[in-house]
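J.: The structure is given below, and queries will be raised subsequently.
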Amino acid sequence: MASVTRAAFGELPSGGGTVEKFQLQSDLLRVDIISWGCTITALEVKDRQGRASDVVLGFAELEGYLQKQPYFGAVIGRVANRIAKGTFKVDGKEYHLAINKEPNSLHGGVRGFDKVLWTPRVLSNGVQFSRISPDGEEGYPGELKVWVTYTLDGAELVVNYRAQASQATPVNLTNHSYFNLAGQGSPNIYDHEVTIEADTYLPVDETLIPIGEVAPVQGTAFDLRKPVELGKHLQDFHLNGFDHNFCLKGSKEKHFCARVHHAASGRVLEVYTTQPGVQFYTGNFLDGTLKGKNGAVYPKHSGFCLETQNWPDAVNQPHFPPVLLRPGEEYDHTTWFKFSVA
């Protein structure tokens with residue numbers, strides 16, 4: 001069984017409200033989540049010696065999350081990832097979004113779901129956050145009701161996303177946690193072994209928009225179907241890192257997505273999801289300037305993200321999985337983060 005405790009985490013400036021922290025604890029995991037951006041601020045998991053370490057990057061205080069920072073631990077919406085040139089059409093009408101990552105719109109815009117206060121509700125084994133995204137928020141059409149539920153089941157953190165729209169709108173929700181299984185503050189993730197269950201991936205242009213091709217991973221640097229040690233793999237293929245969508249099974253059922261193993265500590269993270277894709281990102285834009293928890297700094301490649309998602313720019317690419325949510329339908333996706341030792 002999991003226990004849930006609730007405490008104040010900080011006050012938003014100019015009377016913006018109180019941000020609360022919810023601590024979910026089982027025998028095997030401890031997770032801290034705040035109501036600002038539904039953000040995972042800490043996740044403690046034991047190594048093979050039974051020593052617990054916090055394996056997500058982030059900040060000890062609210063101020064850290066309010067500064068410019070790369071979406072540590074947050075829920076991303078209304079649309080995760082990039083929309084080319086910040087424009088799309090729905091039923092013949094063109095919509096224009098803020099260009100917050102030249103020349104595209106990234107992660108929901110200037111003030112996405114990561115930069116708002118959500119309304120919490122404590123559950124017996126977790127917490128549910130909800131909000132109503134008003135019609136026209138960040139340029140998106142229609143009002144969107146959203147629920148994000150975190151529950152703890154033994155060594156598994158389960159994240160469920162639900163949404164209902166008043167008019168047709170693209171919706172693509174994910175969590176942007178950065179993991180380091182050696183413990184946050186460890187200098188890099190080169191000693192992590194990564195497996196991603198994907199036969200194809202999406203090649204991108206220089207602005208990281210998919211070019212439209214669904215390319216086989218076979219014989220490329222993107223073939224992660226068998227475990228690769230990350231540092232050696234990046235070196236062998238002369239890669240700056242990964243920031244790519246890997247195409248998963250098309251089924252809406254729970255399917256295996258990825259496994260990351262840190263041999264030195266024994267920690268293993270397995271990700272399962274109902275989503276058709278996962279963005280594997282190796283923290284290429286981290287530069288050591290942010291001060292994290294316990295005085296940690298976060299240089300390039302000091303954390304990785306496995307952002308389960310629909311494919312980037314799907315709203316502009318008709319052969320990608322459908323991303324529009326229409327009135328009367330329900331968006332309902334779940335991702336499972338399962339921890340163990342090996």
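Labels used: A, B, ... for chains in the order of the structure tokens, numbers from 1 for residues in each chain, and numbers from 1 for ligands as shown.
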Report as an NGL selection string all protein, DNA and RNA residues lying within 10 Å of Gly16 (chain A), evaluated on only C-alpha atoms, omitting residues in the same chain fewer than 3 positions from it.
T.: :A and (11-13 or 19 or 116-117)
J.: Store the residues of this selection in a file with N, CA and C atoms, as a PDB file, in the first residue's frame.
T.:
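Result written to again.pdb:
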ATOM      1  N   GLU A  11       4.940  29.704  -2.091  1.00  0.00           N
ATOM      2  CA  GLU A  11       3.910  30.662  -2.513  1.00  0.00           C
ATOM      3  C   GLU A  11       4.299  31.253  -3.867  1.00  0.00           C
ATOM      4  N   LEU A  12       3.326  31.309  -4.774  1.00  0.00           N
ATOM      5  CA  LEU A  12       3.574  31.965  -6.053  1.00  0.00           C
ATOM      6  C   LEU A  12       3.620  33.477  -5.844  1.00  0.00           C
ATOM      7  N   PRO A  13       4.438  34.183  -6.640  1.00  0.00           N
ATOM      8  CA  PRO A  13       4.538  35.636  -6.464  1.00  0.00           C
ATOM      9  C   PRO A  13       3.207  36.350  -6.733  1.00  0.00           C
ATOM     10  N   VAL A  19       1.515  26.648  -3.732  1.00  0.00           N
ATOM     11  CA  VAL A  19       1.891  25.397  -4.396  1.00  0.00           C
ATOM     12  C   VAL A  19       2.068  24.339  -3.309  1.00  0.00           C
ATOM     13  N   VAL A 116       1.495  26.366 -14.872  1.00  0.00           N
ATOM     14  CA  VAL A 116       0.222  26.754 -14.251  1.00  0.00           C
ATOM     15  C   VAL A 116       0.009  25.951 -12.973  1.00  0.00           C
ATOM     16  N   LEU A 117      -0.845  26.502 -12.104  1.00  0.00           N
ATOM     17  CA  LEU A 117      -1.196  25.838 -10.857  1.00  0.00           C
ATOM     18  C   LEU A 117      -2.405  24.940 -11.100  1.00  0.00           C
TER      19      LEU A 117
END
J.: Would you give me, as a tab-separated table, each residue of region 12-111 of chain A having an atom within 8 Å of an atom of region 311-317 of chain A, along with its shortest atom pair and that distance in Å to one decimal, using only C-alpha atoms and sorting by chain and residue number?
T.:
residue	atom	partner	partner_atom	distance
A:Ala80	CA	A:Pro312	CA	7.6
A:Asn81	CA	A:Pro312	CA	5.6
A:Arg82	CA	A:Pro312	CA	5.7
A:Ile83	CA	A:Asp313	CA	4.6
A:Ala84	CA	A:Asp313	CA	6.3
A:Phe88	CA	A:Asn316	CA	6.1
A:Lys89	CA	A:Asn316	CA	7.7
J.: Show which residues sit within 7 Å of region 196-212 of chain A, as a PDB file with N, CA and C atoms, in the first residue's frame. Count only C-alpha atoms, and ignore same-chain residues fewer than 5 positions away.
T.:
ATOM      1  N   ARG A  82       7.259  19.535 -30.700  1.00  0.00           N
ATOM      2  CA  ARG A  82       7.266  20.689 -31.612  1.00  0.00           C
ATOM      3  C   ARG A  82       6.124  20.674 -32.618  1.00  0.00           C
ATOM      4  N   ALA A  84       5.523  22.571 -36.223  1.00  0.00           N
ATOM      5  CA  ALA A  84       6.310  23.309 -37.212  1.00  0.00           C
ATOM      6  C   ALA A  84       5.745  24.707 -37.426  1.00  0.00           C
ATOM      7  N   VAL A 217      15.097   1.540 -38.012  1.00  0.00           N
ATOM      8  CA  VAL A 217      16.285   1.740 -37.170  1.00  0.00           C
ATOM      9  C   VAL A 217      17.417   0.798 -37.575  1.00  0.00           C
ATOM     10  N   LEU A 224      18.108   0.592 -31.027  1.00  0.00           N
ATOM     11  CA  LEU A 224      18.334   0.388 -29.591  1.00  0.00           C
ATOM     12  C   LEU A 224      17.524  -0.813 -29.102  1.00  0.00           C
ATOM     13  N   ARG A 225      17.197  -1.710 -30.025  1.00  0.00           N
ATOM     14  CA  ARG A 225      16.351  -2.860 -29.657  1.00  0.00           C
ATOM     15  C   ARG A 225      17.092  -3.835 -28.771  1.00  0.00           C
ATOM     16  N   HIS A 244      14.985  12.385 -30.266  1.00  0.00           N
ATOM     17  CA  HIS A 244      14.229  11.819 -31.388  1.00  0.00           C
ATOM     18  C   HIS A 244      13.019  11.030 -30.905  1.00  0.00           C
ATOM     19  N   ASN A 245      12.017  10.993 -31.755  1.00  0.00           N
ATOM     20  CA  ASN A 245      10.837  10.168 -31.492  1.00  0.00           C
ATOM     21  C   ASN A 245      11.060   8.759 -32.033  1.00  0.00           C
ATOM     22  N   PHE A 246      10.901   7.786 -31.151  1.00  0.00           N
ATOM     23  CA  PHE A 246      10.943   6.379 -31.540  1.00  0.00           C
ATOM     24  C   PHE A 246       9.501   5.884 -31.649  1.00  0.00           C
ATOM     25  N   CYS A 247       9.218   5.171 -32.742  1.00  0.00           N
ATOM     26  CA  CYS A 247       7.846   4.754 -33.040  1.00  0.00           C
ATOM     27  C   CYS A 247       7.575   3.400 -32.401  1.00  0.00           C
ATOM     28  N   LEU A 248       6.590   3.363 -31.523  1.00  0.00           N
ATOM     29  CA  LEU A 248       6.250   2.154 -30.774  1.00  0.00           C
ATOM     30  C   LEU A 248       5.106   1.419 -31.464  1.00  0.00           C
ATOM     31  N   PHE A 256       5.363  -2.498 -23.882  1.00  0.00           N
ATOM     32  CA  PHE A 256       6.714  -2.186 -23.421  1.00  0.00           C
ATOM     33  C   PHE A 256       7.314  -1.112 -24.325  1.00  0.00           C
ATOM     34  N   CYS A 257       7.984  -0.159 -23.694  1.00  0.00           N
ATOM     35  CA  CYS A 257       8.545   0.968 -24.432  1.00  0.00           C
ATOM     36  C   CYS A 257      10.076   0.987 -24.335  1.00  0.00           C
ATOM     37  N   ALA A 258      10.585   0.998 -23.112  1.00  0.00           N
ATOM     38  CA  ALA A 258      12.031   1.158 -22.938  1.00  0.00           C
ATOM     39  C   ALA A 258      12.495   0.579 -21.615  1.00  0.00           C
ATOM     40  N   ARG A 259      13.788   0.275 -21.573  1.00  0.00           N
ATOM     41  CA  ARG A 259      14.414  -0.193 -20.339  1.00  0.00           C
ATOM     42  C   ARG A 259      15.769   0.477 -20.225  1.00  0.00           C
ATOM     43  N   PRO A 312       5.815  13.921 -32.849  1.00  0.00           N
ATOM     44  CA  PRO A 312       5.940  15.371 -32.985  1.00  0.00           C
ATOM     45  C   PRO A 312       5.356  15.880 -34.304  1.00  0.00           C
ATOM     46  N   ASP A 313       4.729  17.050 -34.245  1.00  0.00           N
ATOM     47  CA  ASP A 313       4.152  17.722 -35.420  1.00  0.00           C
ATOM     48  C   ASP A 313       3.073  16.882 -36.110  1.00  0.00           C
ATOM     49  N   GLN A 317       1.066  16.428 -40.065  1.00  0.00           N
ATOM     50  CA  GLN A 317       1.551  15.290 -40.853  1.00  0.00           C
ATOM     51  C   GLN A 317       0.478  14.197 -40.846  1.00  0.00           C
TER      52      GLN A 317
END
J.: Given the choices A:Ala168, A:Ala215, A:Ala163, A:Ala342, which gets closest to Phe129 (chain A) if the distance is worked out from only C-alpha atoms?
T.: A:Ala163
J.: Compile the contact shell of Gly250 (chain A) as a short mmCIF file (atom, residue, chain, number, x, y, z; two decimals) with C-alpha atoms, in the first residue's frame: residues with an atom at most 9 Å away, counting only C-alpha atoms, same-chain residues fewer than 4 positions apart removed.
T.:
data_model
loop_
_atom_site.label_atom_id
_atom_site.label_comp_id
_atom_site.auth_asym_id
_atom_site.auth_seq_id
_atom_site.Cartn_x
_atom_site.Cartn_y
_atom_site.Cartn_z
CA THR A 274 -0.39 3.21 -24.33
CA GLN A 275 1.16 5.93 -26.52
CA PRO A 276 2.44 5.39 -30.09
CA GLY A 277 5.79 7.12 -29.50
CA PRO A 321 -1.12 8.84 -35.66
#
J.: Do a neighbour search on Ser133 (chain A) at 9 Å with only C-alpha atoms, toss out local chain neighbours closer than 2 positions, and write the hits as JSON, numbers by chain.
T.: {"A": [78, 113, 131, 135, 136, 137, 142, 143, 144, 145, 146]}
J.: Keeping all heavy atoms for every residue in the selection just given, could you write it to a file as a PDB file, in the first residue's frame?
T.:
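After the write, part-v7.pdb holds the following:
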ATOM      1  N   ARG A  78      -0.641  22.046 -24.005  1.00  0.00           N
ATOM      2  CA  ARG A  78      -1.648  21.164 -24.572  1.00  0.00           C
ATOM      3  C   ARG A  78      -1.043  20.177 -25.558  1.00  0.00           C
ATOM      4  O   ARG A  78      -1.565  19.067 -25.722  1.00  0.00           O
ATOM      5  CB  ARG A  78      -2.723  22.038 -25.231  1.00  0.00           C
ATOM      6  CG  ARG A  78      -3.958  21.360 -25.700  1.00  0.00           C
ATOM      7  CD  ARG A  78      -5.021  22.299 -26.255  1.00  0.00           C
ATOM      8  NE  ARG A  78      -5.656  23.204 -25.293  1.00  0.00           N
ATOM      9  CZ  ARG A  78      -6.794  23.856 -25.546  1.00  0.00           C
ATOM     10  NH1 ARG A  78      -7.419  23.675 -26.712  1.00  0.00           N
ATOM     11  NH2 ARG A  78      -7.302  24.682 -24.670  1.00  0.00           N
ATOM     12  N   PHE A 113       1.190  23.851 -19.914  1.00  0.00           N
ATOM     13  CA  PHE A 113       0.629  23.192 -18.725  1.00  0.00           C
ATOM     14  C   PHE A 113       1.654  23.046 -17.604  1.00  0.00           C
ATOM     15  O   PHE A 113       1.295  22.811 -16.451  1.00  0.00           O
ATOM     16  CB  PHE A 113       0.074  21.809 -19.102  1.00  0.00           C
ATOM     17  CG  PHE A 113      -1.192  21.852 -19.928  1.00  0.00           C
ATOM     18  CD1 PHE A 113      -1.713  23.050 -20.407  1.00  0.00           C
ATOM     19  CD2 PHE A 113      -1.870  20.674 -20.226  1.00  0.00           C
ATOM     20  CE1 PHE A 113      -2.886  23.080 -21.159  1.00  0.00           C
ATOM     21  CE2 PHE A 113      -3.043  20.690 -20.971  1.00  0.00           C
ATOM     22  CZ  PHE A 113      -3.549  21.891 -21.446  1.00  0.00           C
ATOM     23  N   ARG A 131      -7.389  20.711 -14.294  1.00  0.00           N
ATOM     24  CA  ARG A 131      -7.510  22.121 -14.660  1.00  0.00           C
ATOM     25  C   ARG A 131      -8.359  22.232 -15.915  1.00  0.00           C
ATOM     26  O   ARG A 131      -8.536  21.240 -16.645  1.00  0.00           O
ATOM     27  CB  ARG A 131      -6.161  22.788 -14.866  1.00  0.00           C
ATOM     28  CG  ARG A 131      -5.454  22.477 -16.162  1.00  0.00           C
ATOM     29  CD  ARG A 131      -4.165  23.276 -16.304  1.00  0.00           C
ATOM     30  NE  ARG A 131      -4.418  24.721 -16.405  1.00  0.00           N
ATOM     31  CZ  ARG A 131      -4.312  25.422 -17.532  1.00  0.00           C
ATOM     32  NH1 ARG A 131      -3.964  24.831 -18.648  1.00  0.00           N
ATOM     33  NH2 ARG A 131      -4.554  26.719 -17.547  1.00  0.00           N
ATOM     34  N   ASP A 135     -10.569  28.233 -23.789  1.00  0.00           N
ATOM     35  CA  ASP A 135     -10.586  28.380 -25.244  1.00  0.00           C
ATOM     36  C   ASP A 135      -9.587  29.470 -25.630  1.00  0.00           C
ATOM     37  O   ASP A 135      -9.600  30.559 -25.055  1.00  0.00           O
ATOM     38  CB  ASP A 135     -12.017  28.768 -25.679  1.00  0.00           C
ATOM     39  CG  ASP A 135     -12.130  28.971 -27.182  1.00  0.00           C
ATOM     40  OD1 ASP A 135     -11.205  28.567 -27.921  1.00  0.00           O
ATOM     41  OD2 ASP A 135     -13.143  29.538 -27.618  1.00  0.00           O
ATOM     42  N   GLY A 136      -8.694  29.162 -26.566  1.00  0.00           N
ATOM     43  CA  GLY A 136      -7.728  30.160 -27.034  1.00  0.00           C
ATOM     44  C   GLY A 136      -6.447  30.220 -26.216  1.00  0.00           C
ATOM     45  O   GLY A 136      -5.530  30.962 -26.565  1.00  0.00           O
ATOM     46  N   GLU A 137      -6.349  29.444 -25.137  1.00  0.00           N
ATOM     47  CA  GLU A 137      -5.120  29.458 -24.334  1.00  0.00           C
ATOM     48  C   GLU A 137      -3.926  29.072 -25.209  1.00  0.00           C
ATOM     49  O   GLU A 137      -3.943  28.036 -25.873  1.00  0.00           O
ATOM     50  CB  GLU A 137      -5.231  28.474 -23.149  1.00  0.00           C
ATOM     51  CG  GLU A 137      -4.010  28.527 -22.238  1.00  0.00           C
ATOM     52  CD  GLU A 137      -4.157  27.685 -20.977  1.00  0.00           C
ATOM     53  OE1 GLU A 137      -4.441  26.480 -21.093  1.00  0.00           O
ATOM     54  OE2 GLU A 137      -4.006  28.241 -19.880  1.00  0.00           O
ATOM     55  N   GLY A 142     -10.748  25.909 -28.485  1.00  0.00           N
ATOM     56  CA  GLY A 142     -11.648  25.189 -27.588  1.00  0.00           C
ATOM     57  C   GLY A 142     -11.148  25.090 -26.164  1.00  0.00           C
ATOM     58  O   GLY A 142      -9.960  25.208 -25.876  1.00  0.00           O
ATOM     59  N   GLU A 143     -12.124  24.868 -25.278  1.00  0.00           N
ATOM     60  CA  GLU A 143     -11.800  24.634 -23.873  1.00  0.00           C
ATOM     61  C   GLU A 143     -11.415  23.166 -23.715  1.00  0.00           C
ATOM     62  O   GLU A 143     -11.994  22.291 -24.355  1.00  0.00           O
ATOM     63  CB  GLU A 143     -13.057  24.937 -23.052  1.00  0.00           C
ATOM     64  CG  GLU A 143     -12.880  24.804 -21.569  1.00  0.00           C
ATOM     65  CD  GLU A 143     -14.187  25.082 -20.827  1.00  0.00           C
ATOM     66  OE1 GLU A 143     -14.441  26.268 -20.527  1.00  0.00           O
ATOM     67  OE2 GLU A 143     -14.936  24.123 -20.588  1.00  0.00           O
ATOM     68  N   LEU A 144     -10.410  22.918 -22.864  1.00  0.00           N
ATOM     69  CA  LEU A 144      -9.963  21.541 -22.635  1.00  0.00           C
ATOM     70  C   LEU A 144      -9.959  21.266 -21.135  1.00  0.00           C
ATOM     71  O   LEU A 144      -9.284  21.959 -20.373  1.00  0.00           O
ATOM     72  CB  LEU A 144      -8.560  21.333 -23.207  1.00  0.00           C
ATOM     73  CG  LEU A 144      -8.073  19.891 -23.247  1.00  0.00           C
ATOM     74  CD1 LEU A 144      -8.768  19.099 -24.351  1.00  0.00           C
ATOM     75  CD2 LEU A 144      -6.555  19.831 -23.453  1.00  0.00           C
ATOM     76  N   LYS A 145     -10.752  20.262 -20.727  1.00  0.00           N
ATOM     77  CA  LYS A 145     -10.703  19.808 -19.328  1.00  0.00           C
ATOM     78  C   LYS A 145      -9.650  18.704 -19.253  1.00  0.00           C
ATOM     79  O   LYS A 145      -9.657  17.775 -20.065  1.00  0.00           O
ATOM     80  CB  LYS A 145     -12.061  19.248 -18.909  1.00  0.00           C
ATOM     81  CG  LYS A 145     -13.143  20.289 -18.834  1.00  0.00           C
ATOM     82  CD  LYS A 145     -14.457  19.681 -18.348  1.00  0.00           C
ATOM     83  CE  LYS A 145     -15.468  20.777 -18.065  1.00  0.00           C
ATOM     84  NZ  LYS A 145     -16.838  20.365 -18.405  1.00  0.00           N
ATOM     85  N   VAL A 146      -8.765  18.808 -18.259  1.00  0.00           N
ATOM     86  CA  VAL A 146      -7.643  17.868 -18.171  1.00  0.00           C
ATOM     87  C   VAL A 146      -7.507  17.319 -16.748  1.00  0.00           C
ATOM     88  O   VAL A 146      -7.655  18.057 -15.775  1.00  0.00           O
ATOM     89  CB  VAL A 146      -6.307  18.563 -18.539  1.00  0.00           C
ATOM     90  CG1 VAL A 146      -5.211  17.524 -18.763  1.00  0.00           C
ATOM     91  CG2 VAL A 146      -6.448  19.433 -19.764  1.00  0.00           C
TER      92      VAL A 146
END
J.: With distances taken over only C-alpha atoms, which residue among A:Gly295, A:Pro134, A:Gly154, A:Pro318 lies nearest Trp336 (chain A)?
T.: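 Smallest separation from Trp336 (chain A) among the options: A:Gly154.
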J.: Can you tell me, as a short mmCIF file (atom, residue, chain, number, x, y, z; two decimals) with all heavy atoms, in the first residue's frame, what residues are no more than 9 Å from Thr41 (chain A) when counting only C-alpha atoms, ignoring any on the same chain fewer than 2 positions away?
T.:
data_model
loop_
_atom_site.label_atom_id
_atom_site.label_comp_id
_atom_site.auth_asym_id
_atom_site.auth_seq_id
_atom_site.Cartn_x
_atom_site.Cartn_y
_atom_site.Cartn_z
N LYS A 21 2.89 20.23 -2.09
CA LYS A 21 3.69 19.05 -2.42
C LYS A 21 2.98 17.81 -1.88
O LYS A 21 2.52 17.81 -0.74
CB LYS A 21 5.09 19.15 -1.82
CG LYS A 21 5.97 17.93 -2.10
CD LYS A 21 7.37 18.10 -1.58
CE LYS A 21 7.50 17.60 -0.15
NZ LYS A 21 8.91 17.56 0.30
N VAL A 31 7.94 9.31 -4.02
CA VAL A 31 7.82 10.29 -5.10
C VAL A 31 7.21 11.58 -4.54
O VAL A 31 6.20 11.53 -3.83
CB VAL A 31 6.91 9.77 -6.23
CG1 VAL A 31 6.94 10.72 -7.42
CG2 VAL A 31 7.32 8.37 -6.67
N ASP A 32 7.84 12.71 -4.86
CA ASP A 32 7.30 14.02 -4.51
C ASP A 32 6.78 14.69 -5.77
O ASP A 32 7.50 14.76 -6.78
CB ASP A 32 8.38 14.92 -3.90
CG ASP A 32 8.84 14.45 -2.53
OD1 ASP A 32 8.21 13.53 -1.98
OD2 ASP A 32 9.83 15.01 -2.02
N ILE A 33 5.54 15.20 -5.70
CA ILE A 33 4.91 15.85 -6.86
C ILE A 33 4.28 17.15 -6.37
O ILE A 33 3.60 17.16 -5.34
CB ILE A 33 3.82 14.95 -7.48
CG1 ILE A 33 4.39 13.57 -7.81
CG2 ILE A 33 3.26 15.58 -8.76
CD1 ILE A 33 3.35 12.48 -7.88
N ILE A 34 4.50 18.24 -7.10
CA ILE A 34 3.92 19.52 -6.70
C ILE A 34 2.79 19.92 -7.65
O ILE A 34 2.73 19.45 -8.79
CB ILE A 34 4.97 20.64 -6.60
CG1 ILE A 34 5.70 20.86 -7.93
CG2 ILE A 34 5.96 20.35 -5.48
CD1 ILE A 34 6.61 22.09 -7.97
N THR A 39 4.41 18.65 -11.30
CA THR A 39 5.84 18.38 -11.47
C THR A 39 6.37 17.36 -10.46
O THR A 39 6.18 17.52 -9.25
CB THR A 39 6.63 19.70 -11.34
OG1 THR A 39 6.17 20.61 -12.33
CG2 THR A 39 8.12 19.47 -11.48
N LEU A 43 12.30 11.57 -6.74
CA LEU A 43 11.87 10.17 -6.86
C LEU A 43 13.00 9.31 -6.28
O LEU A 43 14.07 9.21 -6.88
CB LEU A 43 11.61 9.83 -8.34
CG LEU A 43 10.77 8.58 -8.63
CD1 LEU A 43 10.26 8.62 -10.06
CD2 LEU A 43 11.57 7.30 -8.41
N VAL A 56 15.76 11.80 -10.03
CA VAL A 56 15.29 12.80 -10.99
C VAL A 56 15.94 14.15 -10.73
O VAL A 56 16.17 14.54 -9.58
CB VAL A 56 13.75 12.95 -11.00
CG1 VAL A 56 13.08 11.70 -11.52
CG2 VAL A 56 13.20 13.36 -9.64
N LEU A 57 16.23 14.88 -11.82
CA LEU A 57 16.80 16.21 -11.72
C LEU A 57 15.71 17.21 -11.31
O LEU A 57 14.54 17.01 -11.65
CB LEU A 57 17.40 16.63 -13.07
CG LEU A 57 18.79 16.07 -13.42
CD1 LEU A 57 18.86 14.57 -13.34
CD2 LEU A 57 19.24 16.55 -14.80
N GLY A 58 16.12 18.25 -10.59
CA GLY A 58 15.12 19.24 -10.16
C GLY A 58 15.65 20.15 -9.09
O GLY A 58 16.87 20.24 -8.87
N PHE A 59 14.72 20.81 -8.40
CA PHE A 59 15.07 21.83 -7.43
C PHE A 59 14.42 21.55 -6.08
O PHE A 59 13.37 20.93 -6.01
CB PHE A 59 14.61 23.21 -7.94
CG PHE A 59 15.14 23.53 -9.31
CD1 PHE A 59 14.32 23.41 -10.42
CD2 PHE A 59 16.46 23.91 -9.49
CE1 PHE A 59 14.82 23.68 -11.69
CE2 PHE A 59 16.96 24.18 -10.76
CZ PHE A 59 16.13 24.06 -11.86
N ALA A 60 15.07 22.05 -5.02
CA ALA A 60 14.54 21.85 -3.67
C ALA A 60 13.45 22.87 -3.35
O ALA A 60 12.61 22.62 -2.51
CB ALA A 60 15.68 21.95 -2.65
N PHE A 72 11.95 20.50 -16.09
CA PHE A 72 12.27 19.40 -15.17
C PHE A 72 11.00 18.84 -14.53
O PHE A 72 10.27 19.53 -13.81
CB PHE A 72 13.20 19.88 -14.04
CG PHE A 72 14.64 20.07 -14.44
CD1 PHE A 72 15.41 21.07 -13.85
CD2 PHE A 72 15.24 19.25 -15.38
CE1 PHE A 72 16.74 21.24 -14.19
CE2 PHE A 72 16.58 19.42 -15.74
CZ PHE A 72 17.32 20.42 -15.15
N GLY A 73 10.73 17.56 -14.77
CA GLY A 73 9.68 16.82 -14.06
C GLY A 73 8.25 17.17 -14.40
O GLY A 73 7.32 16.58 -13.83
N ALA A 74 8.03 18.12 -15.31
CA ALA A 74 6.69 18.71 -15.47
C ALA A 74 5.82 17.95 -16.46
O ALA A 74 6.31 17.23 -17.35
CB ALA A 74 6.82 20.16 -15.92
N SER A 177 10.19 14.34 -17.01
CA SER A 177 11.21 14.06 -15.99
C SER A 177 12.54 13.70 -16.63
O SER A 177 12.59 12.99 -17.64
CB SER A 177 10.76 12.90 -15.10
OG SER A 177 9.73 13.33 -14.23
#
J.: Between A:Leu106, A:Ala155, A:Leu290, A:Val271, which is the closest to Thr334 (chain A) once you count only C-alpha atoms?
T.: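 The closest residue to Thr334 (chain A) is A:Val271.
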